[in-house]
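**Q** Provided herewith is a single structure, encoded as structure tokens, for subsequent inquiry.
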Amino acid sequence: MTKVLVRSRCMCGLAWCLVAIACAWGAPTGSSCPQTTGELYSRIRSVKLDPARVYHIREASIRKPTLDLSFEDGALAFTEDICGRITGAFFAGDGEVLLRPPNRVERASMALFTKMAILEEPFTSGYLRFNDDTAEVLRPYLSPAADAAEFLQEWGETAEKLGEFDALRLLLDFSHFLPPQAQGATSRTFPSLLHAHLIGKTLGAFEIFWDATNSEPLWAGQARTSNDETFFDVWTSFVPPVPASHAAPPRLGNVSCTAFQIHAAVHPPTELKAETQVEIRVRNGGPRMLLFELSRFLKVESVTAEGKPVDFLQNPALAGTELRRKGNDLVGIVFPAELKTGQQMKLTFRYAGDVLSDAGSGLLYVGARGNWYPNTGLSPATFDMEFRYPAKWTLVATGKLTSPTGGEAETNVEAAGETVSHWVSERPIVVAGFNLGRYQRTEAKSGKIVVRAFATGGVEKTFPKPAPELVVPPTFPGPRRTGDAPTPVITTTPPPPSPARNAQPVADRGAEVITSFSKWFGPFPYSSLALTQMPGDLSQGWPGMVFLSSFAFLNPREQEDLHIKPLFRELSNLVLAHEIAHQWWGDLILWKGYRDQWMMEGLANYSALLILERQNPGRFHDILEKYRNDLASKNKDDEFLREAGPVTLGQRLVSSHFPAGYDLITYERGTWLLHMLRSMMRDAESGPRVPRGAENPDEPFFRVLRKAVERFGGKSMSTTDLMQIFEEELPRPLWYDNRHKLDWFVDSWINGTAMPELSTREIRTTEKAGVTTVSGIIVQKDAPENLITAVPIYAESATNSLVYLGEVLADGKETSFRFTTPAKVRKVVVDPKQTILTAPK
Ligand SMILES: [Zn+2]
């Protein structure tokens, strides 16, 4: 229900107005409803302003929780109706929007982009698209317009273009009007949608979006170009306080895909052709139409449900704000009747297209890795996949190779020079994929787990070439004279890298990493792991299979030939362990929503660093310091990179201000947050009150990780879920206000961007009967007022050794502390091991 805000009303001539409007309103034209999905979609998409519905509007308002859109004075035209309903309006005149983000994180995000914590912006024009009673709500504030033709002339075209944006979203609702119509379909109400494209007086074009079927129904943002790249800056997104009547089941949760059967033929270097059968289970009945993700490069030939053809829509020109954010790789399926809760169905998609490309040296770049088969997002399902491809190629896929038997590698060369291999998931997995190349294969083992590395003898065409080296020949002693022959210059070019040559050490390292991770996090989830070379510098860890960048197959000599600096070599070496860590963090355990995705990158990255810490503690420290410096650096507009936002903003961190915001914040700050959690637990565990030798002080931290795997393996985990496990293991010195809660860490650090400066003042030490009392004040500078930080305090003894005194929960600007110690104290030191993400010194 939309509410109306009545500001004032002129009573004169009101009766006449109402009559006039009722006539102009026109009767619902349900009979004109298009009869096919394609026609209906095109009607919704290209809807025009209706010349019979142009009005003067005064003092009207549309209200949603936390949002007011007011139309003070101007002209407004509605769009032509579709199936008897009005779905759009264009306004020009004086309006104002007021949007109040409900919490500190959202107000900070709003302020980053608009310089206002609460959005209060006058606008001069706006296009509204809706599926609810918005037209009815505005109706009492309308009177006939004097200059209708002029208005249409000026705004008609703009309005028609903007109609494209929500066409697909509206089609999800309006599909109920397609034949055969269920009883009562025409009077059906839909979960509320309102999308406003506004031109602000100071902010320019921006959008406000309300969709009751979104997990966060209200958002606002703006498309903005920076350095020739267009970003969609999400200013804010949240769940407003919503009355029960607004609650609607989230659209994305309508169905789950439970099983996939895929028959695919791969024709290098470009084509994939497939028939995929998806078993779906309807979680929330009601819809007649479902959306599936599928690469826009794969053209759908047919879709059947339980063997019967169904109507589908796949249009590369599909557009919409949501699509703009995700890419328009969608296929819409319209069913003959509305889906019922609990209903199960087999859908079969046939499609083909070019999703591979030749990268050179027997390497193919497999594009559309996440959407080469139709799916409804990441959720656990079983996969049974058969691939056909030319015999000279080696294909590796997620799951266990069941045919040809033996499980080593596919060898089933048929007469036609075609290989067929068959892969079955060992447990439900969230995503399935394949990689292929002219690979050579090596193998290593971690207990019973087989680790195979697949690599080619060369690298992709685009790989950097080692620079020729100048070899200075020996010179004869003595001064050179003019006329002497010039010293010959000899250059040698290092041999090109060969991933296949280095595949064995890669497999061996993979096996070692699995051994460590299994000990720390619990058993490896599959019987084998494939490490497959992929062109480019990106890597991805999928269930039981890693797409591993060619760079990760370089040996130290080849890294040196490419003049890769030592710290970057170390970062490159971390990639293997990082991707293997995703087998637990991201593959076995999913993240719940975009605000939780940081945990997976943070945990994967920190897991890889834990391996490095055991081998080279100095380098481990160097990498954390690099992250600290990165976060404290500024962009070209003099904004601190850390101000891109807290880790919990996920993909929203990518913006025109901070194009690399996501990587920087989730990987680097995310890693730091886990390092802080581990360090403060370890310190608190090794405090003077803990009996010596009770257990390894790192043990509670690892117990948290193991518990997370046990509890959330095969499920999705939220930041709150993980924090609850940390709270179970939280040592007493970290209890704030006597509660074993971590809400202070979540508020201050996880949902914050702080990098404070820590110092002490008024330090006093007194000695009495062999006991030293140390007191003082911890100062947090350059920090939010309510920042709470667990700060380890040490004493430097007379013999220069460091004695841990304890943990202080520094709360706000200044916090006093007092410790006693048997040691003689020369100096008090705050966090000497640099375990807190403070500003660089
Ligand atoms: Zn990752």
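Chain labels run A, B, ... following the order of the structure tokens; each chain numbers its residues from 1, and ligands are numbered from 1 in the order shown.
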Any residue with an atom at most 7 Å from ligand 1 counts, using only C-alpha atoms and all ligand atoms. Which are they? Put them as JSON, numbers by chain.

**A** {"A": [540, 578, 579, 582, 601, 604, 605]}

**Q** What lies within 12 Å of Leu112 (chain A) using only C-alpha atoms, ignoring chain neighbours under 2 positions off, as number ranges by chain?

**A** A: 105-110, 114-119, 221, 233-236, 639-645, 653, 655-658

**Q** My list of candidates is A:Pro101, A:Gly156, A:Pro495, A:Gly95. Which is closest to Leu49 (chain A) when distances are computed with only C-alpha atoms?

**A**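 Distance minimum relative to Leu49 (chain A) lands on A:Gly156.
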
**Q** So that I can see what lies close to region 822-833 of chain A, please list as a count of residues only the residues with an atom at most 8 Å from it, counting only C-alpha atoms and leaving out residues fewer than 4 positions away in the same chain.

**A** 17

**Q** Could you list, as a PDB file with all heavy atoms, in the first residue's frame, every residue within 8 Å of Gln314 (chain A), counting only C-alpha atoms and ignoring same-chain residues fewer than 5 positions away?

**A**
```
ATOM      1  N   LYS A 299      23.109 -19.279 -27.223  1.00  0.00           N
ATOM      2  CA  LYS A 299      21.767 -19.036 -27.725  1.00  0.00           C
ATOM      3  C   LYS A 299      20.886 -20.247 -27.437  1.00  0.00           C
ATOM      4  O   LYS A 299      21.229 -21.377 -27.776  1.00  0.00           O
ATOM      5  CB  LYS A 299      21.827 -18.773 -29.233  1.00  0.00           C
ATOM      6  CG  LYS A 299      20.525 -18.236 -29.765  1.00  0.00           C
ATOM      7  CD  LYS A 299      20.678 -17.679 -31.155  1.00  0.00           C
ATOM      8  CE  LYS A 299      19.371 -17.378 -31.816  1.00  0.00           C
ATOM      9  NZ  LYS A 299      18.151 -17.512 -31.042  1.00  0.00           N
ATOM     10  N   VAL A 300      19.757 -20.005 -26.801  1.00  0.00           N
ATOM     11  CA  VAL A 300      18.847 -21.092 -26.439  1.00  0.00           C
ATOM     12  C   VAL A 300      18.004 -21.467 -27.649  1.00  0.00           C
ATOM     13  O   VAL A 300      17.402 -20.611 -28.289  1.00  0.00           O
ATOM     14  CB  VAL A 300      17.942 -20.675 -25.261  1.00  0.00           C
ATOM     15  CG1 VAL A 300      16.965 -21.791 -24.915  1.00  0.00           C
ATOM     16  CG2 VAL A 300      18.772 -20.320 -24.051  1.00  0.00           C
ATOM     17  N   LEU A 330      20.402 -13.591 -18.923  1.00  0.00           N
ATOM     18  CA  LEU A 330      19.220 -14.205 -18.331  1.00  0.00           C
ATOM     19  C   LEU A 330      18.321 -14.826 -19.384  1.00  0.00           C
ATOM     20  O   LEU A 330      18.241 -14.350 -20.518  1.00  0.00           O
ATOM     21  CB  LEU A 330      18.413 -13.145 -17.581  1.00  0.00           C
ATOM     22  CG  LEU A 330      19.053 -12.542 -16.328  1.00  0.00           C
ATOM     23  CD1 LEU A 330      18.207 -11.397 -15.812  1.00  0.00           C
ATOM     24  CD2 LEU A 330      19.228 -13.580 -15.242  1.00  0.00           C
ATOM     25  N   VAL A 331      17.657 -15.901 -18.967  1.00  0.00           N
ATOM     26  CA  VAL A 331      16.625 -16.509 -19.797  1.00  0.00           C
ATOM     27  C   VAL A 331      15.366 -16.572 -18.939  1.00  0.00           C
ATOM     28  O   VAL A 331      15.415 -17.036 -17.804  1.00  0.00           O
ATOM     29  CB  VAL A 331      17.010 -17.951 -20.204  1.00  0.00           C
ATOM     30  CG1 VAL A 331      15.923 -18.573 -21.063  1.00  0.00           C
ATOM     31  CG2 VAL A 331      18.324 -17.964 -20.938  1.00  0.00           C
ATOM     32  N   GLY A 332      14.275 -16.074 -19.459  1.00  0.00           N
ATOM     33  CA  GLY A 332      13.012 -16.135 -18.726  1.00  0.00           C
ATOM     34  C   GLY A 332      12.164 -17.273 -19.262  1.00  0.00           C
ATOM     35  O   GLY A 332      12.030 -17.446 -20.475  1.00  0.00           O
TER      36      GLY A 332
END
```

**Q** Could you list, as an MDAnalysis selection string, every residue within 8 Å of region 175-178 of chain A, counting only C-alpha atoms and ignoring same-chain residues fewer than 4 positions away?

**A** chainID A and resid 33:37 83 171 182 185:186 287:289 334 338

**Q** For CA of Leu649 (chain A) and CA of Gly670 (chain A), determine how far apart the two atoms are, in Å to one decimal place.

**A**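 Separating CA of Leu649 (chain A) from CA of Gly670 (chain A) is a distance of 11.7 Å.
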
**Q** Counting only C-alpha atoms, which residue out of A:Pro140, A:Pro556, A:Gly447, A:Pro464 sits closest to Val513 (chain A)?

**A**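 The shortest atom-to-atom distance to Val513 (chain A) comes from A:Gly447.
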
**Q** Go through A:Arg100, A:Lys626, A:Lys813, A:His197 one by one, measure the shortest atom-to-atom distance of each to Thr124 (chain A) using only C-alpha atoms, and give the residue with the smallest value.

**A**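 Using only C-alpha atoms, Thr124 (chain A) sits closest to A:His197.
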
**Q** Sorted by chain and rising residue number, list the residues of region 68-134 of chain A at most 8 Å from region 50-62 of chain A (counting only C-alpha atoms), each with its closest atom pair and distance in Å to one decimal, as CSV.

**A**
```
residue,atom,partner,partner_atom,distance
A:Asp68,CA,A:Ile62,CA,5.9
A:Leu69,CA,A:Ile62,CA,5.1
A:Ser70,CA,A:Ser61,CA,4.2
A:Phe71,CA,A:Ala60,CA,5.2
A:Glu72,CA,A:Glu59,CA,4.5
A:Asp73,CA,A:Arg58,CA,4.5
A:Gly74,CA,A:Ile57,CA,5.4
A:Ala75,CA,A:His56,CA,4.5
A:Leu76,CA,A:Tyr55,CA,5.3
A:Ala77,CA,A:Val54,CA,4.1
A:Phe78,CA,A:Arg53,CA,5.6
A:Thr79,CA,A:Asp50,CA,5.0
A:Glu80,CA,A:Asp50,CA,4.7
A:Thr134,CA,A:Ile62,CA,7.5
```

**Q** For the residues selected in the previous step, produce a file with all heavy atoms as a short mmCIF file (atom, residue, chain, number, x, y, z; two decimals), in the first residue's frame.

**A**
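Full text of part_18.cif as output:
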```cif
data_model
loop_
_atom_site.label_atom_id
_atom_site.label_comp_id
_atom_site.auth_asym_id
_atom_site.auth_seq_id
_atom_site.Cartn_x
_atom_site.Cartn_y
_atom_site.Cartn_z
N ASP A 68 10.22 9.47 0.99
CA ASP A 68 9.14 10.37 0.55
C ASP A 68 9.51 10.93 -0.81
O ASP A 68 10.58 11.49 -0.97
CB ASP A 68 9.02 11.60 1.47
CG ASP A 68 8.39 11.26 2.79
OD1 ASP A 68 7.92 10.12 2.93
OD2 ASP A 68 8.39 12.15 3.66
N LEU A 69 8.60 10.80 -1.76
CA LEU A 69 8.78 11.43 -3.06
C LEU A 69 7.67 12.45 -3.19
O LEU A 69 6.50 12.07 -3.22
CB LEU A 69 8.60 10.40 -4.17
CG LEU A 69 9.78 9.58 -4.65
CD1 LEU A 69 9.30 8.53 -5.63
CD2 LEU A 69 10.83 10.45 -5.30
N SER A 70 8.00 13.73 -3.23
CA SER A 70 6.91 14.70 -3.35
C SER A 70 6.96 15.44 -4.67
O SER A 70 8.04 15.72 -5.21
CB SER A 70 6.86 15.66 -2.18
OG SER A 70 8.10 15.77 -1.58
N PHE A 71 5.76 15.73 -5.17
CA PHE A 71 5.58 16.44 -6.44
C PHE A 71 4.86 17.74 -6.11
O PHE A 71 3.65 17.74 -5.92
CB PHE A 71 4.77 15.58 -7.41
CG PHE A 71 5.35 14.20 -7.58
CD1 PHE A 71 4.97 13.16 -6.73
CD2 PHE A 71 6.30 13.96 -8.55
CE1 PHE A 71 5.53 11.90 -6.86
CE2 PHE A 71 6.85 12.69 -8.69
CZ PHE A 71 6.47 11.67 -7.85
N GLU A 72 5.65 18.81 -5.97
CA GLU A 72 5.05 20.07 -5.49
C GLU A 72 4.14 20.67 -6.55
O GLU A 72 3.00 20.98 -6.29
CB GLU A 72 6.15 21.10 -5.16
CG GLU A 72 7.29 20.58 -4.29
CD GLU A 72 6.83 20.20 -2.90
OE1 GLU A 72 5.73 20.62 -2.51
OE2 GLU A 72 7.57 19.45 -2.22
N ASP A 73 4.69 20.82 -7.73
CA ASP A 73 3.94 21.50 -8.77
C ASP A 73 4.54 21.13 -10.12
O ASP A 73 5.77 21.21 -10.28
CB ASP A 73 4.06 23.03 -8.55
CG ASP A 73 3.06 23.77 -9.42
OD1 ASP A 73 2.22 23.12 -10.06
OD2 ASP A 73 3.14 25.01 -9.46
N GLY A 74 3.72 20.73 -11.06
CA GLY A 74 4.28 20.40 -12.38
C GLY A 74 3.27 19.68 -13.24
O GLY A 74 2.06 19.71 -12.97
N ALA A 75 3.78 19.03 -14.26
CA ALA A 75 2.92 18.27 -15.16
C ALA A 75 3.31 16.81 -15.08
O ALA A 75 4.48 16.48 -14.85
CB ALA A 75 3.08 18.78 -16.58
N LEU A 76 2.32 15.95 -15.25
CA LEU A 76 2.57 14.51 -15.16
C LEU A 76 1.72 13.78 -16.19
O LEU A 76 0.54 14.10 -16.36
CB LEU A 76 2.25 14.02 -13.74
CG LEU A 76 2.44 12.53 -13.47
CD1 LEU A 76 3.09 12.33 -12.10
CD2 LEU A 76 1.13 11.76 -13.54
N ALA A 77 2.33 12.85 -16.90
CA ALA A 77 1.57 12.02 -17.84
C ALA A 77 1.76 10.56 -17.47
O ALA A 77 2.87 10.15 -17.12
CB ALA A 77 2.07 12.26 -19.26
N PHE A 78 0.67 9.82 -17.54
CA PHE A 78 0.77 8.38 -17.32
C PHE A 78 1.05 7.68 -18.64
O PHE A 78 0.77 8.23 -19.71
CB PHE A 78 -0.53 7.84 -16.73
CG PHE A 78 -0.75 8.23 -15.31
CD1 PHE A 78 -1.78 9.10 -14.95
CD2 PHE A 78 0.08 7.74 -14.30
CE1 PHE A 78 -1.98 9.47 -13.64
CE2 PHE A 78 -0.12 8.11 -12.98
CZ PHE A 78 -1.14 8.98 -12.65
N THR A 79 1.57 6.47 -18.53
CA THR A 79 1.79 5.67 -19.74
C THR A 79 0.48 4.99 -20.15
O THR A 79 -0.46 4.91 -19.35
CB THR A 79 2.85 4.58 -19.48
OG1 THR A 79 2.46 3.83 -18.34
CG2 THR A 79 4.22 5.19 -19.25
N GLU A 80 0.45 4.52 -21.36
CA GLU A 80 -0.71 3.75 -21.84
C GLU A 80 -0.87 2.53 -20.94
O GLU A 80 0.14 2.02 -20.44
CB GLU A 80 -0.42 3.22 -23.25
CG GLU A 80 -0.19 4.28 -24.29
CD GLU A 80 0.57 3.72 -25.49
OE1 GLU A 80 1.34 2.74 -25.32
OE2 GLU A 80 0.39 4.28 -26.58
N THR A 134 0.25 3.13 -7.41
CA THR A 134 0.83 4.47 -7.48
C THR A 134 -0.05 5.44 -8.26
O THR A 134 -0.28 6.58 -7.83
CB THR A 134 2.25 4.40 -8.08
OG1 THR A 134 3.07 3.63 -7.19
CG2 THR A 134 2.87 5.78 -8.24
#
```

**Q** Applying 10 Å and only C-alpha atoms, which residues near region 557-560 of chain A remain after dropping the ones on its own chain fewer than 4 positions away? List them as a short mmCIF file (atom, residue, chain, number, x, y, z; two decimals) with N, CA and C atoms, in the first residue's frame.

**A**
```
data_model
loop_
_atom_site.label_atom_id
_atom_site.label_comp_id
_atom_site.auth_asym_id
_atom_site.auth_seq_id
_atom_site.Cartn_x
_atom_site.Cartn_y
_atom_site.Cartn_z
N PRO A 466 59.95 -12.59 -21.27
CA PRO A 466 61.14 -12.24 -20.48
C PRO A 466 62.01 -11.29 -21.30
N PRO A 494 66.07 -15.31 -22.10
CA PRO A 494 65.78 -16.49 -21.29
C PRO A 494 64.72 -17.35 -22.00
N PRO A 495 64.78 -18.65 -21.79
CA PRO A 495 63.79 -19.52 -22.44
C PRO A 495 62.38 -19.17 -21.95
N PRO A 496 61.36 -19.32 -22.82
CA PRO A 496 59.99 -19.02 -22.36
C PRO A 496 59.58 -19.98 -21.25
N PRO A 497 58.70 -19.53 -20.37
CA PRO A 497 58.28 -20.38 -19.25
C PRO A 497 57.55 -21.63 -19.75
N SER A 498 57.69 -22.69 -18.99
CA SER A 498 56.98 -23.92 -19.33
C SER A 498 56.21 -24.43 -18.12
N PHE A 551 50.61 -17.80 -14.31
CA PHE A 551 51.63 -17.20 -13.43
C PHE A 551 51.95 -18.09 -12.22
N ALA A 552 50.95 -18.84 -11.77
CA ALA A 552 51.16 -19.69 -10.60
C ALA A 552 51.98 -20.93 -10.94
N PHE A 553 52.28 -21.15 -12.22
CA PHE A 553 53.08 -22.30 -12.64
C PHE A 553 54.54 -21.90 -12.91
N ILE A 564 59.91 -10.01 -11.69
CA ILE A 564 58.84 -9.83 -10.70
C ILE A 564 59.50 -9.60 -9.34
N LYS A 565 59.09 -8.54 -8.66
CA LYS A 565 59.71 -8.18 -7.38
C LYS A 565 59.42 -9.24 -6.32
N PRO A 566 60.36 -9.41 -5.35
CA PRO A 566 60.20 -10.50 -4.39
C PRO A 566 58.84 -10.52 -3.67
N PHE A 568 55.98 -9.41 -4.71
CA PHE A 568 54.93 -9.82 -5.64
C PHE A 568 55.07 -11.30 -6.01
N ARG A 569 56.32 -11.79 -6.00
CA ARG A 569 56.51 -13.23 -6.21
C ARG A 569 55.82 -13.99 -5.09
N SER A 572 52.18 -13.94 -5.58
CA SER A 572 51.83 -14.85 -6.66
C SER A 572 51.88 -16.30 -6.15
#
```

**Q** Between A:Thr270, A:Val546, A:Thr66, A:Phe383, which one has atoms that come closest to Val239 (chain A), using only C-alpha atoms?

**A**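 Of A:Thr270, A:Val546, A:Thr66, A:Phe383, the one nearest Val239 (chain A), counting only C-alpha atoms, is A:Thr66.
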
**Q** With only C-alpha atoms as the basis for distance, which of A:Asp354, A:Ala453, A:Thr189, A:Leu603 is at the shortest distance from Leu531 (chain A)?

**A** A:Ala453

**Q** Taking only C-alpha atoms into account, name the residue in A:Thr719, A:Thr838, A:Asn284, A:Asn800 that is nearest to Ala754 (chain A).

**A**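 Distance minimum relative to Ala754 (chain A) lands on A:Thr838.
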
**Q** Enter the distance from CA of Ile280 (chain A) to CA of Phe712 (chain A), in Å, rounded to one decimal.

**A**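 Here the two named atoms are 22.8 Å from each other.
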
**Q** Apply DSSP to the structure's backbone, then extract all residues of region 466-600 of chain A labelled alpha helix (DSSP H) and return them as number ranges by chain.

**A** A: 499-521, 556-561, 566-581, 597-600

**Q** Could you save those same residues with C-alpha atoms as a short mmCIF file (atom, residue, chain, number, x, y, z; two decimals), in the first residue's frame?

**A**
```
data_model
loop_
_atom_site.label_atom_id
_atom_site.label_comp_id
_atom_site.auth_asym_id
_atom_site.auth_seq_id
_atom_site.Cartn_x
_atom_site.Cartn_y
_atom_site.Cartn_z
CA PRO A 499 54.13 -24.61 -16.90
CA ALA A 500 54.22 -28.33 -17.76
CA ARG A 501 57.84 -28.50 -16.63
CA ASN A 502 56.86 -27.02 -13.26
CA ALA A 503 53.62 -28.93 -12.83
CA GLN A 504 55.09 -31.51 -10.45
CA PRO A 505 56.23 -28.97 -7.82
CA VAL A 506 52.82 -27.29 -8.16
CA ALA A 507 51.03 -30.61 -7.50
CA ASP A 508 53.41 -31.34 -4.59
CA ARG A 509 52.77 -27.96 -3.04
CA GLY A 510 49.04 -28.40 -3.52
CA ALA A 511 49.21 -31.68 -1.62
CA GLU A 512 51.19 -30.09 1.23
CA VAL A 513 48.66 -27.27 1.48
CA ILE A 514 45.80 -29.78 1.68
CA THR A 515 47.60 -31.61 4.47
CA SER A 516 47.88 -28.40 6.53
CA PHE A 517 44.37 -27.16 5.82
CA SER A 518 42.82 -30.56 6.61
CA LYS A 519 44.53 -30.44 9.98
CA TRP A 520 43.31 -26.90 10.65
CA PHE A 521 39.83 -26.84 9.15
CA PRO A 556 61.64 -18.96 -9.18
CA ARG A 557 64.01 -18.63 -12.13
CA GLU A 558 61.17 -17.78 -14.53
CA GLN A 559 59.78 -15.26 -12.04
CA GLU A 560 63.20 -13.65 -11.91
CA ASP A 561 63.45 -13.57 -15.72
CA PRO A 566 60.20 -10.50 -4.39
CA LEU A 567 57.07 -9.35 -2.53
CA PHE A 568 54.93 -9.82 -5.64
CA ARG A 569 56.51 -13.23 -6.21
CA GLU A 570 55.36 -14.13 -2.73
CA LEU A 571 51.87 -12.82 -3.46
CA SER A 572 51.83 -14.85 -6.66
CA ASN A 573 52.94 -17.93 -4.72
CA LEU A 574 50.03 -17.43 -2.32
CA VAL A 575 47.50 -17.88 -5.12
CA LEU A 576 47.69 -21.68 -5.05
CA ALA A 577 46.99 -21.91 -1.32
CA HIS A 578 44.33 -19.18 -1.55
CA GLU A 579 42.39 -21.09 -4.21
CA ILE A 580 42.75 -24.36 -2.34
CA ALA A 581 41.44 -22.63 0.81
CA GLN A 597 31.08 -12.51 0.90
CA TRP A 598 34.11 -10.78 2.45
CA MET A 599 34.48 -13.68 4.87
CA MET A 600 35.24 -16.10 2.05
#
```
